[in-house]
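J.: Supplied structure: input.txt, compact mmCIF, C-alpha atoms.
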# COMPACT_ATOMS: atom_id res chain seq x y z
CA MET A 1 67.74 -61.68 8.36
CA LEU A 2 66.76 -59.26 5.59
CA LEU A 3 64.57 -60.83 2.91
CA LEU A 4 63.67 -59.42 -0.49
CA ASN A 5 60.01 -59.88 -1.36
CA SER A 6 59.94 -60.56 -5.11
CA GLN A 7 56.32 -59.42 -5.43
CA THR A 8 56.51 -56.04 -3.67
CA LYS A 9 60.21 -55.43 -4.40
CA LYS A 10 60.53 -54.18 -0.84
CA LEU A 11 62.67 -55.40 2.02
CA THR A 12 61.33 -56.96 5.16
CA LEU A 13 63.42 -56.89 8.32
CA ILE A 14 63.66 -59.97 10.52
CA LYS A 15 65.78 -59.44 13.60
CA ASN A 16 68.36 -62.07 14.46
CA ASN A 17 70.75 -61.43 17.37
CA ASN A 18 70.74 -57.67 16.72
CA LEU A 19 72.23 -58.16 13.25
CA PHE A 20 70.56 -57.84 9.87
CA ALA A 21 71.83 -59.70 6.82
CA ALA A 22 70.65 -60.12 3.25
CA LYS A 23 69.41 -63.38 1.84
CA GLU A 24 71.98 -64.82 -0.56
CA GLY A 25 71.54 -63.27 -3.99
CA ALA A 26 69.11 -60.57 -2.82
CA TRP A 27 71.69 -57.86 -3.32
CA SER A 28 73.05 -59.04 -6.64
CA GLN A 29 71.99 -55.76 -8.27
CA VAL A 30 73.75 -53.56 -5.73
CA LYS A 31 76.33 -51.28 -7.34
CA LYS A 32 77.39 -49.30 -4.28
CA LYS A 33 77.79 -50.25 -0.64
CA ILE A 34 77.73 -47.52 2.01
CA ALA A 35 78.37 -47.75 5.76
CA VAL A 36 77.09 -45.18 8.22
CA ILE A 37 78.85 -45.20 11.60
CA GLY A 38 76.54 -43.88 14.31
CA GLY A 39 72.78 -44.26 14.72
CA GLY A 40 72.01 -40.78 16.00
CA ALA A 41 70.04 -38.06 14.23
CA ALA A 42 72.74 -37.30 11.64
CA GLY A 43 73.53 -40.97 11.03
CA MET A 44 69.93 -42.01 10.53
CA MET A 45 69.27 -39.13 8.12
CA ALA A 46 72.48 -39.96 6.25
CA ALA A 47 71.43 -43.61 5.91
CA ILE A 48 67.98 -42.60 4.64
CA GLN A 49 69.33 -40.18 2.06
CA ALA A 50 72.03 -42.61 0.93
CA SER A 51 69.48 -45.32 0.16
CA GLY A 52 68.57 -46.07 -3.43
CA ASP A 53 67.57 -48.87 -5.79
CA GLU A 54 71.16 -49.89 -6.46
CA THR A 55 72.62 -48.93 -3.09
CA LEU A 56 73.15 -51.09 -0.03
CA VAL A 57 73.30 -49.04 3.19
CA GLU A 58 74.39 -50.52 6.50
CA LEU A 59 74.14 -48.56 9.75
CA TYR A 60 76.36 -49.37 12.72
CA GLU A 61 75.27 -48.34 16.24
CA ARG A 62 77.20 -49.20 19.38
CA ASN A 63 74.10 -49.03 21.63
CA ASP A 64 71.38 -51.65 21.73
CA ARG A 65 69.11 -49.31 19.76
CA VAL A 66 69.39 -46.29 17.49
CA GLY A 67 68.44 -42.74 18.51
CA LYS A 68 69.14 -43.01 22.22
CA LYS A 69 70.40 -39.43 22.52
CA LEU A 70 67.55 -38.10 20.35
CA LEU A 71 64.98 -39.17 22.94
CA ALA A 72 66.39 -36.69 25.47
CA THR A 73 66.28 -33.62 23.22
CA GLY A 74 64.02 -30.70 24.11
CA ASN A 75 63.25 -32.24 27.51
CA GLY A 76 61.76 -35.18 25.64
CA LYS A 77 59.64 -32.97 23.36
CA CYS A 78 62.24 -32.76 20.56
CA ASN A 79 62.56 -29.23 19.22
CA PHE A 80 63.76 -30.58 15.86
CA SER A 81 64.27 -27.30 13.95
CA ASN A 82 63.56 -23.58 13.89
CA THR A 83 62.03 -21.34 11.22
CA ASP A 84 64.43 -18.52 12.14
CA MET A 85 67.42 -20.23 10.59
CA ASN A 86 70.59 -18.30 9.82
CA SER A 87 74.34 -18.70 10.15
CA SER A 88 74.50 -16.44 13.23
CA ALA A 89 72.95 -19.28 15.24
CA TYR A 90 76.06 -21.41 14.67
CA TYR A 91 79.69 -21.47 15.76
CA GLY A 92 82.75 -23.27 14.45
CA SER A 93 84.82 -23.39 11.28
CA ALA A 94 82.17 -25.23 9.24
CA VAL A 95 79.91 -22.16 9.40
CA SER A 96 81.83 -21.07 6.30
CA TYR A 97 79.91 -23.81 4.45
CA TYR A 98 76.53 -22.76 5.84
CA GLU A 99 74.99 -21.36 2.64
CA LYS A 100 76.17 -24.25 0.50
CA LEU A 101 74.94 -26.93 2.90
CA PHE A 102 71.64 -25.42 4.06
CA SER A 103 70.62 -24.52 0.52
CA GLN A 104 70.68 -28.24 -0.25
CA PHE A 105 68.76 -29.40 2.81
CA GLY A 106 67.50 -26.77 5.22
CA VAL A 107 64.43 -26.19 7.36
CA THR A 108 61.97 -26.47 4.46
CA GLU A 109 63.39 -29.82 3.39
CA SER A 110 63.41 -31.12 6.97
CA VAL A 111 59.77 -30.12 7.49
CA ASP A 112 58.80 -31.69 4.16
CA PHE A 113 60.64 -34.89 5.04
CA PHE A 114 58.86 -35.39 8.36
CA ARG A 115 55.46 -34.31 7.03
CA GLN A 116 55.66 -36.68 4.08
CA ALA A 117 56.64 -39.43 6.51
CA GLY A 118 53.39 -38.77 8.39
CA MET A 119 54.39 -36.49 11.28
CA LEU A 120 52.23 -33.51 12.19
CA ILE A 121 54.26 -30.47 13.23
CA LYS A 122 53.68 -27.81 15.88
CA ASN A 123 55.16 -24.32 15.48
CA ARG A 124 55.76 -22.39 18.70
CA ASN A 125 57.06 -18.95 17.77
CA GLY A 126 59.36 -20.52 15.21
CA TYR A 127 60.42 -23.47 17.37
CA LEU A 128 59.32 -26.64 15.59
CA TYR A 129 58.13 -29.73 17.46
CA PRO A 130 56.27 -32.91 16.57
CA ALA A 131 52.56 -32.30 17.28
CA SER A 132 52.72 -35.13 19.81
CA GLU A 133 55.46 -33.23 21.68
CA GLN A 134 57.26 -36.54 22.03
CA ALA A 135 60.81 -37.11 20.87
CA SER A 136 59.86 -40.75 20.40
CA THR A 137 57.65 -39.67 17.49
CA VAL A 138 60.62 -38.26 15.59
CA LEU A 139 62.64 -41.39 16.32
CA ASP A 140 59.79 -43.67 15.26
CA ILE A 141 59.45 -41.79 11.96
CA LEU A 142 63.15 -42.28 11.29
CA ARG A 143 63.03 -45.96 12.25
CA ILE A 144 60.01 -46.63 10.06
CA THR A 145 61.69 -44.90 7.14
CA LEU A 146 64.93 -46.83 7.63
CA GLU A 147 62.99 -50.08 7.68
CA SER A 148 60.96 -49.21 4.60
CA LEU A 149 64.16 -48.46 2.68
CA GLY A 150 65.77 -51.71 3.72
CA VAL A 151 68.69 -50.21 5.61
CA HIS A 152 70.64 -52.87 7.50
CA ILE A 153 71.00 -51.90 11.17
CA TYR A 154 73.74 -53.43 13.28
CA THR A 155 73.09 -52.58 16.94
CA GLY A 156 75.44 -53.33 19.80
CA CYS A 157 78.25 -53.02 17.28
CA LYS A 158 81.11 -50.59 17.92
CA VAL A 159 83.38 -49.65 15.02
CA GLU A 160 86.97 -49.30 16.23
CA ARG A 161 88.75 -48.14 13.07
CA ILE A 162 88.59 -47.63 9.34
CA GLU A 163 91.29 -48.69 6.91
CA ARG A 164 91.93 -47.71 3.28
CA ILE A 165 92.19 -50.62 0.85
CA HIS A 166 94.50 -49.21 -1.79
CA GLU A 167 94.04 -52.13 -4.21
CA ASN A 168 90.37 -51.36 -4.87
CA GLY A 169 89.91 -47.88 -3.35
CA ARG A 170 87.40 -49.11 -0.79
CA LEU A 171 87.22 -48.42 2.93
CA GLN A 172 87.24 -51.27 5.40
CA ILE A 173 85.66 -51.00 8.82
CA ILE A 174 86.83 -53.08 11.76
CA THR A 175 84.48 -53.60 14.70
CA ALA A 176 85.33 -54.18 18.34
CA SER A 177 84.78 -57.90 17.76
CA ASP A 178 87.37 -57.72 14.95
CA LYS A 179 84.86 -58.25 12.16
CA LYS A 180 85.85 -56.61 8.88
CA LYS A 181 83.79 -55.40 5.95
CA GLN A 182 84.54 -53.24 2.92
CA TYR A 183 82.46 -50.37 1.52
CA ASP A 184 82.58 -47.97 -1.37
CA SER A 185 81.83 -45.04 0.97
CA VAL A 186 81.70 -44.53 4.74
CA ILE A 187 79.89 -41.76 6.63
CA LEU A 188 81.28 -41.08 10.09
CA ALA A 189 78.42 -39.73 12.22
CA CYS A 190 79.20 -41.04 15.69
CA GLY A 191 78.94 -37.70 17.51
CA GLY A 192 81.39 -35.64 19.52
CA LYS A 193 81.92 -36.00 23.27
CA ALA A 194 78.63 -34.77 24.80
CA ALA A 195 76.47 -37.22 26.75
CA PRO A 196 79.02 -40.07 26.63
CA ALA A 197 76.50 -42.43 28.27
CA THR A 198 74.60 -42.39 24.97
CA GLY A 199 77.69 -43.41 23.00
CA SER A 200 79.24 -40.04 22.09
CA ASP A 201 82.54 -40.52 23.89
CA GLY A 202 84.93 -39.16 21.29
CA ASN A 203 85.55 -42.49 19.53
CA GLY A 204 84.83 -40.82 16.19
CA PHE A 205 87.69 -38.40 16.77
CA LYS A 206 90.01 -41.34 17.43
CA ILE A 207 88.97 -42.98 14.14
CA ALA A 208 89.41 -39.72 12.21
CA LYS A 209 92.85 -39.02 13.69
CA ALA A 210 94.07 -42.47 12.68
CA LEU A 211 93.20 -41.55 9.09
CA GLY A 212 95.23 -38.34 9.20
CA HIS A 213 92.60 -35.83 10.33
CA HIS A 214 93.03 -33.30 13.10
CA VAL A 215 90.56 -32.36 15.82
CA THR A 216 90.19 -28.84 17.16
CA GLU A 217 89.92 -28.25 20.90
CA VAL A 218 86.66 -29.77 22.14
CA VAL A 219 84.66 -28.42 25.09
CA PRO A 220 81.17 -28.98 26.53
CA ALA A 221 78.48 -26.71 25.05
CA LEU A 222 74.83 -26.03 25.92
CA VAL A 223 75.81 -26.72 29.50
CA GLN A 224 75.60 -25.21 32.99
CA LEU A 225 78.34 -22.98 34.41
CA ARG A 226 79.91 -23.27 37.86
CA CYS A 227 80.58 -20.09 39.83
CA SER A 228 82.90 -19.19 42.70
CA GLU A 229 80.50 -17.21 44.93
CA ASP A 230 79.38 -18.80 48.19
CA PHE A 231 75.77 -17.62 48.06
CA PHE A 232 74.37 -19.91 45.38
CA LYS A 233 72.96 -22.47 47.80
CA SER A 234 70.74 -19.74 49.24
CA VAL A 235 69.11 -19.08 45.84
CA ALA A 236 69.14 -22.60 44.43
CA GLY A 237 65.98 -23.50 42.56
CA VAL A 238 65.05 -19.94 41.57
CA ARG A 239 63.89 -19.45 37.97
CA THR A 240 63.51 -15.90 36.74
CA GLN A 241 63.62 -13.83 33.59
CA ALA A 242 66.94 -12.03 33.31
CA GLU A 243 69.46 -10.56 30.93
CA LEU A 244 72.90 -12.15 31.13
CA THR A 245 76.10 -10.59 29.83
CA LEU A 246 79.20 -12.71 29.30
CA TYR A 247 82.52 -11.01 30.08
CA ILE A 248 85.86 -12.48 29.05
CA GLU A 249 88.91 -10.72 30.42
CA GLY A 250 86.60 -7.84 31.37
CA GLU A 251 85.25 -7.35 27.84
CA ALA A 252 81.52 -7.86 27.14
CA GLU A 253 81.13 -10.65 24.55
CA CYS A 254 77.35 -10.94 24.31
CA SER A 255 74.07 -10.33 26.15
CA ILE A 256 71.11 -12.72 26.10
CA GLN A 257 67.66 -12.51 27.72
CA GLY A 258 65.71 -15.55 28.87
CA GLU A 259 64.91 -17.70 31.85
CA LEU A 260 67.82 -17.93 34.26
CA GLN A 261 67.99 -20.95 36.53
CA LEU A 262 70.02 -20.59 39.71
CA THR A 263 71.56 -23.78 41.07
CA ASP A 264 73.47 -24.60 44.21
CA TYR A 265 76.73 -24.33 42.26
CA GLY A 266 76.07 -21.60 39.68
CA ILE A 267 73.89 -20.69 36.70
CA SER A 268 71.84 -22.58 34.13
CA GLY A 269 69.02 -22.02 31.66
CA ILE A 270 68.82 -21.28 27.93
CA PRO A 271 70.70 -17.94 28.00
CA VAL A 272 73.55 -19.62 29.89
CA PHE A 273 73.58 -22.55 27.46
CA CYS A 274 73.79 -20.18 24.50
CA PHE A 275 77.15 -18.72 25.56
CA SER A 276 78.50 -21.64 27.59
CA ARG A 277 80.76 -22.81 24.75
CA GLU A 278 82.54 -19.44 24.66
CA ALA A 279 82.89 -19.49 28.42
CA ALA A 280 84.26 -23.05 28.29
CA PHE A 281 86.84 -22.16 25.63
CA ALA A 282 87.92 -19.07 27.59
CA ILE A 283 88.36 -21.11 30.77
CA LEU A 284 90.33 -23.69 28.80
CA HIS A 285 92.70 -20.89 27.79
CA LYS A 286 93.01 -19.65 31.38
CA LYS A 287 91.04 -16.44 30.77
CA ALA A 288 88.91 -14.65 33.36
CA VAL A 289 85.19 -15.30 32.84
CA ASN A 290 82.37 -13.38 34.51
CA VAL A 291 78.64 -13.10 33.96
CA GLY A 292 76.63 -9.99 34.75
CA ILE A 293 73.04 -10.70 35.78
CA ASN A 294 70.28 -8.14 35.24
CA PHE A 295 67.21 -9.29 37.17
CA MET A 296 65.13 -6.38 35.82
CA PRO A 297 65.76 -6.22 32.05
CA GLN A 298 62.24 -4.95 31.35
CA PHE A 299 63.16 -1.39 32.43
CA GLU A 300 64.95 1.30 30.46
CA ASP A 301 67.53 3.26 32.47
CA ASN A 302 65.30 6.28 33.08
CA GLU A 303 62.32 4.09 34.01
CA TYR A 304 64.46 2.13 36.42
CA GLU A 305 65.78 5.24 38.13
CA LEU A 306 62.24 6.62 38.49
CA LEU A 307 61.00 3.32 39.93
CA TRP A 308 63.43 3.50 42.82
CA LYS A 309 62.92 7.21 43.51
CA GLU A 310 59.17 6.77 43.83
CA ARG A 311 59.52 3.59 45.86
CA TRP A 312 61.93 5.14 48.39
CA ILE A 313 59.43 7.94 48.99
CA LYS A 314 56.28 5.86 49.09
CA HIS A 315 57.59 3.06 51.33
CA LYS A 316 60.12 4.96 53.44
CA ASN A 317 58.78 3.67 56.77
CA GLN A 318 58.88 -0.02 55.85
CA SER A 319 61.61 -2.47 56.75
CA LEU A 320 63.95 -3.20 53.85
CA GLU A 321 62.56 -6.74 53.63
CA GLN A 322 59.01 -5.33 53.28
CA PHE A 323 60.20 -2.61 50.93
CA LEU A 324 61.68 -5.12 48.46
CA THR A 325 58.65 -7.42 48.48
CA GLY A 326 57.31 -7.60 44.94
CA ILE A 327 60.55 -6.50 43.29
CA ALA A 328 61.83 -10.01 42.56
CA ASN A 329 61.85 -13.55 43.91
CA LYS A 330 62.09 -13.52 47.69
CA LYS A 331 65.37 -15.46 47.69
CA ILE A 332 66.87 -12.90 45.31
CA ASN A 333 65.66 -10.03 47.51
CA GLN A 334 67.29 -11.62 50.53
CA LEU A 335 70.53 -12.07 48.61
CA ILE A 336 70.55 -8.42 47.50
CA ILE A 337 70.05 -7.31 51.10
CA ARG A 338 73.00 -9.40 52.20
CA LEU A 339 75.29 -8.25 49.39
CA SER A 340 74.42 -4.59 49.94
CA GLY A 341 75.58 -4.79 53.54
CA CYS A 342 72.12 -3.94 54.91
CA ARG A 343 69.87 -5.78 57.36
CA PRO A 344 66.37 -7.14 56.52
CA HIS A 345 64.64 -5.24 59.34
CA GLU A 346 66.45 -1.96 58.74
CA ILE A 347 64.02 0.92 58.10
CA THR A 348 64.39 2.16 54.55
CA ASN A 349 64.35 5.82 55.61
CA GLU A 350 67.50 5.15 57.63
CA ILE A 351 69.47 3.56 54.78
CA SER A 352 72.24 5.73 53.33
CA GLU A 353 72.14 7.01 49.77
CA GLU A 354 75.24 4.94 49.04
CA LYS A 355 73.59 1.70 50.10
CA ARG A 356 70.38 2.60 48.27
CA ALA A 357 72.38 3.00 45.09
CA LYS A 358 74.11 -0.29 45.79
CA ILE A 359 70.80 -2.13 46.09
CA ALA A 360 69.50 -0.70 42.83
CA GLU A 361 72.77 -1.57 41.09
CA LEU A 362 72.81 -5.17 42.33
CA TYR A 363 69.41 -5.90 40.79
CA ARG A 364 70.72 -4.69 37.44
CA LYS A 365 74.28 -5.97 37.55
CA LEU A 366 75.11 -8.77 39.89
CA VAL A 367 78.47 -10.03 38.61
CA VAL A 368 79.49 -13.63 39.27
CA THR A 369 82.76 -15.41 38.54
CA VAL A 370 82.69 -18.54 36.39
CA TYR A 371 85.48 -21.02 37.05
CA GLU A 372 84.26 -24.09 35.18
CA ALA A 373 81.68 -25.43 32.74
CA ASN A 374 79.94 -28.62 33.74
CA GLY A 375 81.40 -31.71 32.12
CA PHE A 376 80.54 -33.52 28.89
CA GLU A 377 78.16 -35.79 30.79
CA HIS A 378 75.90 -32.78 31.39
CA ALA A 379 76.33 -31.13 27.97
CA GLN A 380 73.76 -31.31 25.19
CA VAL A 381 76.47 -30.97 22.52
CA SER A 382 80.21 -30.55 22.30
CA ALA A 383 81.92 -27.66 20.54
CA GLY A 384 84.90 -28.31 18.29
CA GLY A 385 85.76 -31.28 16.08
CA ILE A 386 86.95 -31.96 12.54
CA PRO A 387 87.91 -28.55 11.06
CA ALA A 388 86.20 -27.38 7.88
CA HIS A 389 89.45 -26.88 5.95
CA GLU A 390 89.95 -30.66 6.01
CA LEU A 391 86.55 -31.24 4.37
CA THR A 392 84.99 -30.41 1.01
CA GLU A 393 81.70 -28.50 0.78
CA GLU A 394 79.99 -31.92 0.58
CA LEU A 395 81.70 -32.78 3.90
CA GLU A 396 83.94 -35.37 2.26
CA SER A 397 87.43 -35.85 3.65
CA LYS A 398 90.16 -34.14 1.64
CA TYR A 399 92.56 -36.80 2.90
CA VAL A 400 90.54 -39.99 2.41
CA PRO A 401 88.34 -40.24 -0.70
CA ASN A 402 84.77 -41.45 -0.06
CA LEU A 403 84.98 -40.81 3.69
CA TYR A 404 82.33 -38.34 4.85
CA PHE A 405 81.55 -36.66 8.16
CA ALA A 406 78.14 -35.65 9.52
CA GLY A 407 76.77 -34.06 12.68
CA GLU A 408 78.49 -33.21 15.93
CA ILE A 409 81.82 -34.74 14.96
CA ILE A 410 82.38 -31.70 12.71
CA ASP A 411 83.56 -28.36 14.12
CA MET A 412 80.11 -26.72 14.12
CA ASP A 413 77.52 -26.34 16.85
CA GLY A 414 74.44 -24.22 17.38
CA ILE A 415 72.61 -22.35 20.11
CA CYS A 416 69.47 -23.69 21.79
CA GLY A 417 66.29 -23.84 19.75
CA GLY A 418 66.46 -26.79 17.36
CA TYR A 419 69.62 -25.60 15.61
CA ASN A 420 71.78 -28.59 16.49
CA LEU A 421 69.20 -31.09 15.28
CA GLN A 422 68.80 -29.10 12.08
CA TRP A 423 72.57 -29.34 11.63
CA ALA A 424 72.21 -33.11 12.05
CA TRP A 425 69.48 -33.30 9.38
CA THR A 426 71.39 -31.01 7.02
CA SER A 427 74.82 -32.62 7.31
CA GLY A 428 73.31 -36.12 7.31
CA ALA A 429 71.28 -35.45 4.16
CA VAL A 430 74.16 -33.80 2.30
CA THR A 431 76.62 -36.60 3.06
CA GLY A 432 74.09 -39.35 2.38
CA ARG A 433 73.29 -37.95 -1.05
CA ALA A 434 76.95 -37.30 -1.86
CA ALA A 435 77.97 -40.83 -0.85
CA ARG A 436 75.25 -42.34 -3.02
CA THR A 437 76.21 -40.50 -6.23
So, in terms of structure tokens, how does the structure I just supplied come out?
T.:
Amino acid sequence: MLLLNSQTKKLTLIKNNNLFAAKEGAWSQVKKKIAVIGGGAAGMMAAIQASGDETLVELYERNDRVGKKLLATGNGKCNFSNTDMNSSAYYGSAVSYYEKLFSQFGVTESVDFFRQAGMLIKNRNGYLYPASEQASTVLDILRITLESLGVHIYTGCKVERIERIHENGRLQIITASDKKKQYDSVILACGGKAAPATGSDGNGFKIAKALGHHVTEVVPALVQLRCSEDFFKSVAGVRTQAELTLYIEGEAECSIQGELQLTDYGISGIPVFCFSREAAFAILHKKAVNVGINFMPQFEDNEYELLWKERWIKHKNQSLEQFLTGIANKKINQLIIRLSGCRPHEITNEISEEKRAKIAELYRKLVVTVYEANGFEHAQVSAGGIPAHELTEELESKYVPNLYFAGEIIDMDGICGGYNLQWAWTSGAVTGRAART
């Protein structure tokens, strides 16, 4: 039960079977009732920003607690934003609203919000983390703030659909247990399709479609890629700095440097995550997808050529296995030997110029074939969603007045580095404020 303390004028939460309710008469001064569907990052921020003296905000979360997905972000350390914020870090149709949205609530506002709530912040080359390096800190800050504002939280409560009440212009939500309640505004922030175990199983898309909205193609993003080559088991577990180039139908789309992780089925790591959405869309459209791997991105072309010339002369009497020691990870060296058609114990002085050139080329451009992106259960976010042309610049539905969208459910997603959480804070804040006014 939710009780209003007449002396402090604040609300105290008393949990009762996972539901919170107001004492009779406590909300007699409420002029606007707002529902937020989804207790993730965007939903919690929306609920906080929607709160006000004359506003009743109720948050619906299908899990037994809010913020379940948030706890897994940044390997549990929660990279919640990034000082290098610009539209080039995002994809999707809603990028067209970037300036409008982020000027209202961007990195500065997010940092101010968490600092004022009591969280110390650590800056690692622009990547922002809580000083504790615990995602639970960010979640606790949000929970404390929700409680202090008197937001009603309904956990273990799945919203199945939303209906328009034409007589009074309100929106009615219907839960899985067939309970109904009307609101002046509703914010749909129940995620996309990534990490369905945390509740983001696409139910929000189903609700939106029933109200006349469309959903663009949705694919896993920030996810590992599966490759066709049979050698990956031999290099599984290797982590190395590399430059990766994504090719679609033979055309180079982008190149990214970072730590590559080789798995028994393909490639992973931040550079892979950053272009995985484009690879996933290309595969969906039956296009050829390849990735070129440069294991030695630190060398310019002339430096690289000189490296090999000097090495062939200096170590000409060594076995190829000995000769390559120190070039890269041992598993990678062994793979290059195999792919070049040479033998580990072959004396370097006896290797043909053609095979020498092949070895040098393989370290700089090992091309692999991508046939599939890992599924939504492995993805950090999903790409695609409600298209921007169906939303106003305040992210309100153009079809259903007073229905707003926030977070991953919208057709906008970011690269690794705190960009997706910043999108959650931004879209949540903008919709919360718009719904309140």
J.: Choose the residue, out of A:Phe273, A:Tyr91, A:Phe80, A:Tyr404, that has the smallest atom-to-atom separation from Gly258 of chain A; count only C-alpha atoms.
T.: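 Going through A:Phe273, A:Tyr91, A:Phe80, A:Tyr404 one by one, the smallest distance to Gly258 of chain A is for A:Phe273.
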J.: Would you kindly return, as a list in words, each protein, DNA or RNA residue with an atom no farther than 6 Å from any atom of segment 126-139 of chain A, considering all atoms listed in the file and excluding same-chain residues fewer than 4 positions away?
T.: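 The contact residues come out as Leu71, Gly76, Lys77, Cys78, Asn79, Phe80, Ser81, Asn82, Thr83, Leu120, Ile121 and Lys122 of chain A.
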J.: Select, from A:Arg364, A:Ala357, A:Pro344, A:Cys274, the residue with the minimum atom-to-atom distance to Asp301 of chain A, counting all atoms listed in the file.
T.: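 That would be A:Arg364, the residue with the smallest distance to Asp301 of chain A.
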J.: Measuring between all atoms listed in the file, which one of A:Gly38, A:Ala221, A:Glu361, A:Met85 shows the shortest distance to Asn63 of chain A?
T.: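 Smallest distance to Asn63 of chain A is found for A:Gly38.
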J.: Residues within 8 Å of Gly237 of chain A, please, as a PyMOL selection string. Count all atoms listed in the file; anything in the same chain fewer than 6 positions from it doesn't count.
T.: chain A and resi 261-264
J.: Between A:Gly67, A:Gly326, A:Gly106, A:Gly39, which is the closest to Trp425 of chain A once you count only C-alpha atoms?
T.: A:Gly106
J.: Could you give me, as a list in words, the residues within 7 Å of Ser340 of chain A, counting only C-alpha atoms and dropping anything in the same chain fewer than 6 positions from it?
T.: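 Near Ser340 of chain A, the qualifying residues are Lys355, Lys358 and Ile359 of chain A.
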J.: Those selected residues, please, written with C-alpha atoms and delivered as a PDB file, in the coordinates of the input.
T.:
ATOM      1  CA  LYS A 355      73.590   1.700  50.100  1.00  0.00           C
ATOM      2  CA  LYS A 358      74.110  -0.290  45.790  1.00  0.00           C
ATOM      3  CA  ILE A 359      70.800  -2.130  46.090  1.00  0.00           C
TER       4      ILE A 359
END
J.: List every residue of segment 149-261 of chain A that has an atom at most 12 Å from any atom of segment 392-399 of chain A, giving for each one its closest atom pair and the distance in Å to one decimal, counting all atoms listed in the file, sorted by chain and then by ascending residue number, as a Markdown table.
T.:
| residue | atom | partner | partner_atom | distance |
| --- | --- | --- | --- | --- |
| A:Arg164 | CA | A:Tyr399 | CA | 10.9 |
| A:Ser185 | CA | A:Glu396 | CA | 10.0 |
| A:Val186 | CA | A:Glu396 | CA | 9.8 |
| A:Ile187 | CA | A:Glu396 | CA | 8.7 |
| A:Leu188 | CA | A:Glu396 | CA | 10.0 |
| A:Ala189 | CA | A:Leu395 | CA | 11.3 |
| A:Ala208 | CA | A:Ser397 | CA | 9.6 |
| A:Lys209 | CA | A:Tyr399 | CA | 11.0 |
| A:Ala210 | CA | A:Tyr399 | CA | 11.4 |
| A:Leu211 | CA | A:Tyr399 | CA | 7.8 |
| A:Gly212 | CA | A:Tyr399 | CA | 7.0 |
| A:His213 | CA | A:Tyr399 | CA | 7.5 |
| A:His214 | CA | A:Tyr399 | CA | 10.8 |
J.: Between A:Asn86, A:Tyr363, A:Ile256, A:Tyr371, which is the closest to Tyr98 of chain A once you count only C-alpha atoms?
T.: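 Of A:Asn86, A:Tyr363, A:Ile256, A:Tyr371, the one nearest Tyr98 of chain A, counting only C-alpha atoms, is A:Asn86.
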J.: Any chance you could work out the axis-aligned box around segment 374-386 of chain A, listed atoms only, 4 Å on each side, giving centre and edge lengths in Å to one decimal, as lines of an AutoDock Vina configuration file?
T.:
center_x = 80.4
center_y = -31.7
center_z = 23.1
size_x = 21.2
size_y = 16.1
size_z = 29.2
